[in-house]
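Colleague: So here's work.pdb (PDB, C-alpha atoms).
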```pdb
ATOM      1  CA  MET C 589     -51.981 -68.805  29.958
ATOM      2  CA  PRO C 590     -48.769 -66.773  29.988
ATOM      3  CA  ARG C 591     -46.639 -66.825  26.836
ATOM      4  CA  ILE C 592     -43.206 -68.325  27.497
ATOM      5  CA  LEU C 593     -40.289 -67.244  25.294
ATOM      6  CA  ARG C 594     -36.963 -69.097  25.388
ATOM      7  CA  PHE C 595     -33.655 -67.851  24.017
ATOM      8  CA  GLN C 596     -30.399 -69.805  23.787
ATOM      9  CA  ILE C 597     -27.459 -67.477  24.308
ATOM     10  CA  ASP C 598     -24.946 -67.322  21.474
ATOM     11  CA  THR C 599     -21.198 -66.920  21.923
ATOM     12  CA  CYS C 600     -21.401 -63.261  20.882
ATOM     13  CA  TYR C 601     -23.173 -62.521  24.203
ATOM     14  CA  GLU C 602     -20.620 -64.378  26.347
ATOM     15  CA  GLY C 603     -20.000 -62.277  29.460
ATOM     16  CA  HIS C 604     -22.641 -59.674  28.609
ATOM     17  CA  LYS C 605     -25.288 -58.606  31.083
ATOM     18  CA  VAL C 606     -28.825 -59.945  30.744
ATOM     19  CA  ILE C 607     -30.102 -56.414  30.085
ATOM     20  CA  HIS C 608     -27.833 -56.081  27.034
ATOM     21  CA  PHE C 609     -29.406 -59.170  25.478
ATOM     22  CA  LEU C 610     -32.950 -58.134  26.351
ATOM     23  CA  ARG C 611     -32.587 -54.638  24.902
ATOM     24  CA  GLY C 612     -30.460 -55.795  21.960
ATOM     25  CA  GLU C 613     -31.082 -59.229  20.475
ATOM     26  CA  ALA C 614     -34.511 -59.715  22.065
ATOM     27  CA  GLY C 615     -35.608 -56.165  21.237
ATOM     28  CA  LEU C 616     -37.542 -55.525  24.455
ATOM     29  CA  SER C 617     -38.540 -52.009  25.383
ATOM     30  CA  ALA C 618     -37.284 -50.580  28.670
ATOM     31  CA  ARG C 619     -40.882 -50.532  29.890
ATOM     32  CA  LEU C 620     -41.420 -54.227  29.171
ATOM     33  CA  VAL C 621     -38.115 -55.131  30.854
ATOM     34  CA  GLN C 622     -39.198 -53.274  33.990
ATOM     35  CA  SER C 623     -42.555 -55.050  33.949
ATOM     36  CA  LEU C 624     -40.907 -58.477  33.668
ATOM     37  CA  LYS C 625     -38.465 -57.667  36.478
ATOM     38  CA  ARG C 626     -41.375 -57.015  38.849
ATOM     39  CA  GLN C 627     -43.144 -60.250  37.930
ATOM     40  CA  PRO C 628     -42.254 -63.496  39.747
ATOM     41  CA  GLY C 629     -40.597 -65.744  37.180
ATOM     42  CA  GLY C 630     -40.630 -62.957  34.619
ATOM     43  CA  ILE C 631     -36.946 -63.331  33.671
ATOM     44  CA  CYS C 632     -35.184 -66.629  34.371
ATOM     45  CA  LEU C 633     -31.697 -67.850  33.510
ATOM     46  CA  ASN C 634     -31.367 -71.632  33.286
ATOM     47  CA  GLY C 635     -34.627 -71.997  35.206
ATOM     48  CA  ILE C 636     -33.760 -69.598  38.040
ATOM     49  CA  GLN C 637     -35.069 -66.051  38.344
ATOM     50  CA  THR C 638     -32.260 -63.702  37.454
ATOM     51  CA  ARG C 639     -31.314 -60.052  37.655
ATOM     52  CA  THR C 640     -30.745 -57.976  34.551
ATOM     53  CA  ILE C 641     -27.207 -57.183  35.742
ATOM     54  CA  ASP C 642     -26.230 -60.862  35.867
ATOM     55  CA  ARG C 643     -23.793 -62.144  33.247
ATOM     56  CA  LEU C 644     -24.589 -64.523  30.407
ATOM     57  CA  HIS C 645     -22.606 -67.463  29.073
ATOM     58  CA  ALA C 646     -22.822 -69.224  25.736
ATOM     59  CA  GLY C 647     -25.442 -71.981  25.838
ATOM     60  CA  ASP C 648     -27.443 -70.417  28.678
ATOM     61  CA  ILE C 649     -31.235 -70.540  28.346
ATOM     62  CA  LEU C 650     -32.937 -67.235  29.076
ATOM     63  CA  THR C 651     -36.688 -67.488  29.638
ATOM     64  CA  LEU C 652     -39.264 -64.705  29.610
ATOM     65  CA  CYS C 653     -42.770 -65.166  30.989
ATOM     66  CA  LEU C 654     -45.221 -62.743  29.384
ATOM     67  CA  PRO C 655     -48.413 -62.510  31.467
ATOM     68  CA  ASP C 656     -51.871 -62.403  29.945
ATOM     69  CA  ASP C 657     -53.032 -58.863  29.277
ATOM     70  CA  THR C 658     -55.835 -57.125  31.094
ATOM     71  CA  ASP C 659     -58.163 -54.499  29.670
ATOM     72  CA  ASN C 660     -61.838 -53.594  29.837
ATOM     73  CA  VAL C 661     -62.934 -54.468  26.288
ATOM     74  CA  GLU C 662     -66.240 -56.317  26.525
ATOM     75  CA  PRO C 663     -66.201 -59.656  24.669
ATOM     76  CA  LEU C 664     -68.832 -59.750  21.914
ATOM     77  CA  PRO C 665     -69.008 -62.787  19.630
ATOM     78  CA  LEU C 666     -68.839 -61.642  16.002
ATOM     79  CA  PRO C 667     -67.731 -63.513  12.878
ATOM     80  CA  LEU C 668     -63.932 -63.491  12.442
ATOM     81  CA  ASP C 669     -62.397 -64.313   9.070
ATOM     82  CA  ARG C 670     -59.049 -65.608  10.353
ATOM     83  CA  LEU C 671     -56.240 -65.641   7.798
ATOM     84  CA  TYR C 672     -53.450 -66.794  10.149
ATOM     85  CA  GLU C 673     -53.043 -67.574  13.835
ATOM     86  CA  ASP C 674     -50.345 -68.739  16.245
ATOM     87  CA  ASP C 675     -49.332 -68.049  19.859
ATOM     88  CA  ASP C 676     -48.149 -64.527  19.038
ATOM     89  CA  LEU C 677     -50.218 -63.328  16.083
ATOM     90  CA  LEU C 678     -53.745 -63.230  14.761
ATOM     91  CA  ILE C 679     -54.353 -61.933  11.240
ATOM     92  CA  VAL C 680     -57.937 -61.330  10.170
ATOM     93  CA  ASN C 681     -59.729 -60.150   7.052
ATOM     94  CA  LYS C 682     -61.730 -57.260   8.501
ATOM     95  CA  PRO C 683     -65.044 -56.526   6.789
ATOM     96  CA  ALA C 684     -66.099 -53.011   5.885
ATOM     97  CA  GLY C 685     -68.372 -51.415   8.480
ATOM     98  CA  LEU C 686     -66.508 -52.840  11.480
ATOM     99  CA  ALA C 687     -64.579 -50.347  13.620
ATOM    100  CA  MET C 688     -61.230 -51.402  15.047
ATOM    101  CA  HIS C 689     -61.694 -50.305  18.679
ATOM    102  CA  PRO C 690     -64.598 -49.128  20.853
ATOM    103  CA  THR C 691     -65.502 -45.434  20.539
ATOM    104  CA  HIS C 692     -68.399 -43.337  21.775
ATOM    105  CA  ASN C 693     -70.260 -44.317  18.578
ATOM    106  CA  HIS C 694     -69.258 -47.995  18.615
ATOM    107  CA  GLN C 695     -69.056 -49.376  22.141
ATOM    108  CA  GLY C 696     -69.349 -53.088  21.479
ATOM    109  CA  ASP C 697     -69.506 -53.874  17.769
ATOM    110  CA  THR C 698     -65.784 -53.622  16.995
ATOM    111  CA  LEU C 699     -62.942 -55.887  15.982
ATOM    112  CA  ALA C 700     -61.447 -55.585  19.477
ATOM    113  CA  ASN C 701     -64.685 -56.910  21.000
ATOM    114  CA  ALA C 702     -64.779 -59.793  18.526
ATOM    115  CA  VAL C 703     -61.149 -60.748  19.215
ATOM    116  CA  ALA C 704     -61.730 -60.581  22.985
ATOM    117  CA  ALA C 705     -64.709 -62.935  22.640
ATOM    118  CA  TYR C 706     -62.771 -65.335  20.404
ATOM    119  CA  PHE C 707     -59.987 -65.748  22.946
ATOM    120  CA  GLN C 708     -62.382 -65.794  25.905
ATOM    121  CA  GLN C 709     -63.867 -68.958  24.403
ATOM    122  CA  GLN C 710     -60.354 -70.446  24.622
ATOM    123  CA  GLY C 711     -59.894 -69.368  28.239
ATOM    124  CA  ARG C 712     -57.439 -66.603  27.325
ATOM    125  CA  HIS C 713     -57.537 -62.883  28.055
ATOM    126  CA  VAL C 714     -55.842 -61.118  25.151
ATOM    127  CA  THR C 715     -55.511 -57.419  24.411
ATOM    128  CA  MET C 716     -55.611 -56.809  20.661
ATOM    129  CA  ARG C 717     -52.608 -54.741  19.579
ATOM    130  CA  CYS C 718     -53.096 -53.917  15.916
ATOM    131  CA  VAL C 719     -50.032 -53.117  13.838
ATOM    132  CA  GLY C 720     -51.536 -50.410  11.628
ATOM    133  CA  ARG C 721     -55.230 -49.636  11.652
ATOM    134  CA  LEU C 722     -57.890 -49.624   8.971
ATOM    135  CA  ASP C 723     -60.767 -47.151   8.768
ATOM    136  CA  ARG C 724     -64.175 -48.535   9.726
ATOM    137  CA  ASP C 725     -65.317 -48.752   6.098
ATOM    138  CA  THR C 726     -62.007 -50.071   4.766
ATOM    139  CA  SER C 727     -61.741 -53.847   4.528
ATOM    140  CA  GLY C 728     -58.786 -56.192   4.498
ATOM    141  CA  ALA C 729     -55.857 -57.675   6.372
ATOM    142  CA  VAL C 730     -55.293 -56.599   9.979
ATOM    143  CA  VAL C 731     -52.234 -57.902  11.848
ATOM    144  CA  CYS C 732     -52.866 -58.271  15.591
ATOM    145  CA  ALA C 733     -50.025 -58.893  18.037
ATOM    146  CA  LEU C 734     -51.187 -61.025  20.952
ATOM    147  CA  ASN C 735     -48.600 -59.900  23.495
ATOM    148  CA  ARG C 736     -46.428 -56.882  24.212
ATOM    149  CA  TYR C 737     -43.279 -58.561  22.949
ATOM    150  CA  ALA C 738     -44.739 -59.324  19.522
ATOM    151  CA  ALA C 739     -46.208 -55.828  19.271
ATOM    152  CA  ALA C 740     -42.882 -54.160  20.027
ATOM    153  CA  ARG C 741     -41.014 -56.322  17.515
ATOM    154  CA  LEU C 742     -43.577 -55.672  14.776
ATOM    155  CA  SER C 743     -43.903 -51.926  15.280
ATOM    156  CA  GLY C 744     -43.315 -50.232  11.931
ATOM    157  CA  GLY C 745     -42.280 -53.504  10.320
ATOM    158  CA  VAL C 746     -45.403 -54.548   8.393
ATOM    159  CA  GLU C 747     -45.528 -53.778   4.661
ATOM    160  CA  LYS C 748     -49.093 -53.559   3.392
ATOM    161  CA  GLU C 749     -50.485 -53.515  -0.114
ATOM    162  CA  TYR C 750     -53.880 -52.066  -0.945
ATOM    163  CA  LEU C 751     -56.357 -52.241  -3.797
ATOM    164  CA  ALA C 752     -58.439 -49.124  -4.369
ATOM    165  CA  ILE C 753     -60.986 -48.195  -7.005
ATOM    166  CA  VAL C 754     -60.647 -44.515  -7.855
ATOM    167  CA  SER C 755     -62.835 -42.335 -10.031
ATOM    168  CA  GLY C 756     -61.356 -41.341 -13.378
ATOM    169  CA  ARG C 757     -58.766 -43.124 -15.492
ATOM    170  CA  TYR C 758     -55.157 -43.705 -14.468
ATOM    171  CA  HIS C 759     -52.378 -44.993 -16.722
ATOM    172  CA  GLY C 760     -49.180 -46.803 -15.779
ATOM    173  CA  SER C 761     -47.848 -46.009 -12.328
ATOM    174  CA  GLY C 762     -46.920 -42.998 -10.258
ATOM    175  CA  THR C 763     -46.261 -41.420  -6.881
ATOM    176  CA  ILE C 764     -48.264 -38.876  -4.902
ATOM    177  CA  ASP C 765     -46.001 -36.864  -2.605
ATOM    178  CA  ARG C 766     -48.146 -34.326  -0.775
ATOM    179  CA  PRO C 767     -48.189 -33.385   2.932
ATOM    180  CA  ILE C 768     -51.391 -34.041   4.873
ATOM    181  CA  VAL C 769     -52.910 -31.697   7.461
ATOM    182  CA  ARG C 770     -55.875 -31.821   9.816
ATOM    183  CA  PRO C 771     -57.655 -28.526   9.096
ATOM    184  CA  ASN C 772     -60.082 -28.788  12.013
ATOM    185  CA  PRO C 773     -59.031 -30.612  15.211
ATOM    186  CA  MET C 774     -62.713 -31.242  15.932
ATOM    187  CA  HIS C 775     -63.179 -33.235  12.710
ATOM    188  CA  THR C 776     -61.614 -36.496  11.554
ATOM    189  CA  SER C 777     -61.205 -35.384   7.942
ATOM    190  CA  ARG C 778     -57.777 -34.562   6.542
ATOM    191  CA  ALA C 779     -56.546 -32.565   3.562
ATOM    192  CA  VAL C 780     -53.438 -31.894   1.528
ATOM    193  CA  GLY C 781     -51.832 -28.676   2.723
ATOM    194  CA  GLU C 782     -48.614 -26.821   3.397
ATOM    195  CA  GLY C 783     -47.044 -27.462   6.773
ATOM    196  CA  GLY C 784     -48.610 -30.896   7.026
ATOM    197  CA  LEU C 785     -46.966 -34.229   7.770
ATOM    198  CA  PRO C 786     -44.998 -35.778   4.894
ATOM    199  CA  ALA C 787     -47.055 -38.380   3.029
ATOM    200  CA  VAL C 788     -45.990 -40.512   0.056
ATOM    201  CA  THR C 789     -48.254 -42.903  -1.863
ATOM    202  CA  HIS C 790     -47.171 -45.143  -4.767
ATOM    203  CA  TRP C 791     -49.747 -46.559  -7.183
ATOM    204  CA  GLN C 792     -50.038 -48.749 -10.260
ATOM    205  CA  ALA C 793     -53.077 -48.998 -12.541
ATOM    206  CA  GLU C 794     -54.458 -52.557 -12.747
ATOM    207  CA  ARG C 795     -57.874 -52.412 -14.441
ATOM    208  CA  TRP C 796     -60.196 -49.872 -16.084
ATOM    209  CA  GLY C 797     -63.944 -49.535 -15.885
ATOM    210  CA  GLU C 798     -66.543 -46.888 -16.633
ATOM    211  CA  ASN C 799     -64.938 -43.727 -15.221
ATOM    212  CA  MET C 800     -62.987 -45.745 -12.661
ATOM    213  CA  THR C 801     -59.604 -47.440 -12.245
ATOM    214  CA  LEU C 802     -58.486 -50.269  -9.990
ATOM    215  CA  VAL C 803     -55.097 -49.261  -8.588
ATOM    216  CA  ARG C 804     -52.615 -51.202  -6.476
ATOM    217  CA  VAL C 805     -51.211 -48.969  -3.732
ATOM    218  CA  TRP C 806     -48.122 -48.988  -1.494
ATOM    219  CA  LEU C 807     -47.464 -46.468   1.276
ATOM    220  CA  GLU C 808     -44.163 -44.995   2.405
ATOM    221  CA  THR C 809     -45.946 -43.243   5.265
ATOM    222  CA  GLY C 810     -49.043 -44.149   7.239
ATOM    223  CA  ARG C 811     -51.071 -40.978   7.708
ATOM    224  CA  THR C 812     -54.741 -41.093   8.653
ATOM    225  CA  HIS C 813     -56.893 -41.434   5.494
ATOM    226  CA  GLN C 814     -53.720 -41.102   3.388
ATOM    227  CA  ILE C 815     -54.879 -43.027   0.303
ATOM    228  CA  ARG C 816     -58.303 -41.397   0.350
ATOM    229  CA  VAL C 817     -56.919 -37.883   0.814
ATOM    230  CA  HIS C 818     -54.201 -38.223  -1.818
ATOM    231  CA  PHE C 819     -56.474 -39.412  -4.616
ATOM    232  CA  ALA C 820     -59.158 -36.891  -3.668
ATOM    233  CA  SER C 821     -56.530 -34.135  -3.878
ATOM    234  CA  LEU C 822     -56.053 -35.044  -7.560
ATOM    235  CA  GLY C 823     -59.766 -34.703  -8.232
ATOM    236  CA  THR C 824     -60.260 -38.489  -8.356
ATOM    237  CA  PRO C 825     -61.626 -39.613  -4.979
ATOM    238  CA  LEU C 826     -62.173 -43.272  -4.222
ATOM    239  CA  VAL C 827     -65.438 -44.596  -5.577
ATOM    240  CA  GLY C 828     -68.057 -44.505  -2.815
ATOM    241  CA  ASP C 829     -66.036 -42.252  -0.478
ATOM    242  CA  THR C 830     -68.660 -39.916   0.961
ATOM    243  CA  MET C 831     -66.162 -37.978   3.103
ATOM    244  CA  TYR C 832     -63.816 -36.960   0.299
ATOM    245  CA  GLY C 833     -66.064 -37.510  -2.706
ATOM    246  CA  THR C 834     -69.720 -38.298  -3.385
ATOM    247  CA  PRO C 835     -71.988 -41.299  -2.805
ATOM    248  CA  ASP C 836     -71.990 -43.936  -5.541
ATOM    249  CA  GLU C 837     -74.852 -46.335  -6.127
ATOM    250  CA  ARG C 838     -72.383 -49.045  -7.163
ATOM    251  CA  ILE C 839     -70.868 -49.436  -3.681
ATOM    252  CA  ALA C 840     -71.979 -48.385  -0.184
ATOM    253  CA  ARG C 841     -68.525 -47.428   1.163
ATOM    254  CA  GLN C 842     -65.104 -46.299  -0.029
ATOM    255  CA  ALA C 843     -63.640 -48.905  -2.384
ATOM    256  CA  LEU C 844     -60.459 -49.607  -0.413
ATOM    257  CA  HIS C 845     -59.095 -52.982   0.701
ATOM    258  CA  CYS C 846     -55.821 -54.037   2.335
ATOM    259  CA  VAL C 847     -55.017 -57.021   0.147
ATOM    260  CA  SER C 848     -51.794 -58.263   1.748
ATOM    261  CA  ALA C 849     -49.342 -57.935   4.629
ATOM    262  CA  ARG C 850     -45.662 -58.843   4.554
ATOM    263  CA  PHE C 851     -43.381 -58.922   7.613
ATOM    264  CA  VAL C 852     -40.854 -60.924   9.599
ATOM    265  CA  HIS C 853     -42.398 -63.020  12.367
ATOM    266  CA  PRO C 854     -41.551 -61.311  15.683
ATOM    267  CA  VAL C 855     -40.624 -64.554  17.461
ATOM    268  CA  THR C 856     -39.582 -67.154  14.880
ATOM    269  CA  GLY C 857     -37.911 -64.750  12.440
ATOM    270  CA  ARG C 858     -39.698 -66.403   9.493
ATOM    271  CA  PRO C 859     -40.715 -64.233   6.511
ATOM    272  CA  MET C 860     -44.514 -63.969   6.515
ATOM    273  CA  TYR C 861     -46.883 -63.096   3.674
ATOM    274  CA  VAL C 862     -50.661 -63.156   4.060
ATOM    275  CA  GLU C 863     -53.310 -62.256   1.473
ATOM    276  CA  ALA C 864     -56.881 -61.113   2.124
ATOM    277  CA  PRO C 865     -59.299 -61.821  -0.755
ATOM    278  CA  LEU C 866     -61.399 -58.965  -2.081
ATOM    279  CA  PRO C 867     -64.903 -58.672  -0.611
ATOM    280  CA  PRO C 868     -67.940 -59.143  -2.888
ATOM    281  CA  ASP C 869     -68.721 -55.417  -3.286
ATOM    282  CA  MET C 870     -65.300 -54.643  -4.769
ATOM    283  CA  GLU C 871     -65.236 -57.911  -6.719
ATOM    284  CA  ALA C 872     -68.478 -56.845  -8.403
ATOM    285  CA  LEU C 873     -66.913 -53.562  -9.523
ATOM    286  CA  CYS C 874     -63.749 -55.301 -10.732
ATOM    287  CA  ALA C 875     -65.880 -57.672 -12.815
ATOM    288  CA  GLN C 876     -66.972 -54.625 -14.845
ATOM    289  CA  MET C 877     -63.368 -53.694 -15.685
ATOM    290  CA  ASP C 878     -60.798 -54.578 -18.335
ATOM    291  CA  PRO C 879     -57.013 -54.823 -17.870
ATOM    292  CA  ALA C 880     -55.416 -51.366 -17.850
ATOM    293  CA  GLN C 881     -53.205 -50.445 -20.802
ATOM    294  CA  GLU C 882     -49.964 -48.482 -20.622
TER
END
```
The structure given in the file should be rewritten as structure tokens.
Modeller:
Amino acid sequence: MPRILRFQIDTCYEGHKVIHFLRGEAGLSARLVQSLKRQPGGICLNGIQTRTIDRLHAGDILTLCLPDDTDNVEPLPLPLDRLYEDDDLLIVNKPAGLAMHPTHNHQGDTLANAVAAYFQQQGRHVTMRCVGRLDRDTSGAVVCALNRYAAARLSGGVEKEYLAIVSGRYHGSGTIDRPIVRPNPMHTSRAVGEGGLPAVTHWQAERWGENMTLVRVWLETGRTHQIRVHFASLGTPLVGDTMYGTPDERIARQALHCVSARFVHPVTGRPMYVEAPLPPDMEALCAQMDPAQE
């Protein structure tokens, strides 16, 4: 079913054109406005389809009808650990080993396929628009916008917190400020290097184990593999990271988990905070650690 959004016009928009409200207060992109204009019933003022050049008055009700999305992602029922869900958002705790979107290596066993199947069972056709992606072998919270309006409002507005287990011992807290490059366009791996994109990672030591430290991580930038590349550049790759370090018998993938997401709800304006519990493989490593000392 289409998602219906209703806005009551405030006095500050008295006499303004509909387009000014849509591009301003509502935060719609020009592309989405054009799409709604072409759709019957896409933009209505007090129940009547309106033009974007028409004028608004205080107390008017402006209604937007967002159609269901269409794409060619094949629905494939897979377990979904849902952390939060409403008409505009779905937040899941993604397991390690699950890719986000279909690729030539993963055509059907992805989060996008699982989400498509979940909503198909409800009679809905939803395109998953993830706000920030996680690597296939990184676990944790993934925020999915369920329509174009929510996606546009959330873009760049989700603050994530990560837990990583790095080799070596870290004390206190610090910042890694090193640009990241892609040395070979044919490969997915990245590296620290001159002329790269700015990348800033903040960390705080939480627990210590045998030649490893649990660190809490915050990102100022969102470069591909940023956390993995930054710690590897210091000679302390993430435990289990075979791309930037070496295999580790204690864990079968890089020890990286998105533990929380904080943002403002794109429709209601409510502050949102969602936590994703650590998976068993990282919990087992943490159980071998003691609290870090300054």
Colleague: From the set C:Val754, C:Arg816, C:Leu866, C:Cys732, which residue has the shortest atom-to-atom contact distance to Glu673 (chain C), counting only C-alpha atoms?
Modeller: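 Of C:Val754, C:Arg816, C:Leu866, C:Cys732, the one nearest Glu673 (chain C), counting only C-alpha atoms, is C:Cys732.
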Colleague: C:Tyr737, C:Phe707, C:Tyr601, C:Tyr672: which is nearest Leu616 (chain C), counting all atoms listed in the file?
Modeller: C:Tyr737
Colleague: Would you translate the PyMOL selection byres ((chain C and resi 770) around 12) into the concrete set of residues it matches in this file, as a list in words?
Modeller: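 When the PyMOL selection byres ((chain C and resi 770) around 12) is applied to the shown file, the picked residues are Pro767, Ile768, Val769, Pro771, Asn772, Pro773, Met774, His775, Thr776, Ser777, Arg778, Ala779, Val780, Gly781, Glu782, Gly783, Gly784, Leu785, Arg811, Thr812, His813, Gln814 and Val817 of chain C.
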Colleague: Which residues come within 10 Å of region 680-697 of chain C, counting only C-alpha atoms, excluding same-chain residues fewer than 5 positions away, as a ChimeraX atom specification?
Modeller: /C:661-673,702-703,716,718,721-732,840-848,862-867,869
Colleague: What residues come out when you apply the PyMOL selection byres ((chain C and resi 714) around 10) to this file, written as a PyMOL selection string?
Modeller: chain C and resi 589+655-659+661+700+703-708+711-713+715-717+733-735
Colleague: What separation in Å, quoted to one decimal, exists between CA of Phe595 (chain C) and CA of Ile631 (chain C)?
Modeller: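 Value for the CA of Phe595 (chain C)-CA of Ile631 (chain C) distance: 11.2 Å.
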Colleague: Just to confirm, what's the straight-line distance from CA of Asn660 (chain C) to CA of Arg619 (chain C) in Å (one decimal)?
Modeller: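 It comes out at 21.2 Å.
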Colleague: Between CA of Cys600 (chain C) and CA of Ile649 (chain C), what distance in Å does the model show, to one decimal?
Modeller: 14.3 Å
Colleague: Ranking C:Ala880, C:Val746, C:Val855, C:Met831 by minimum distance to Ser761 (chain C) and counting all atoms listed in the file, which one comes first?
Modeller: C:Ala880
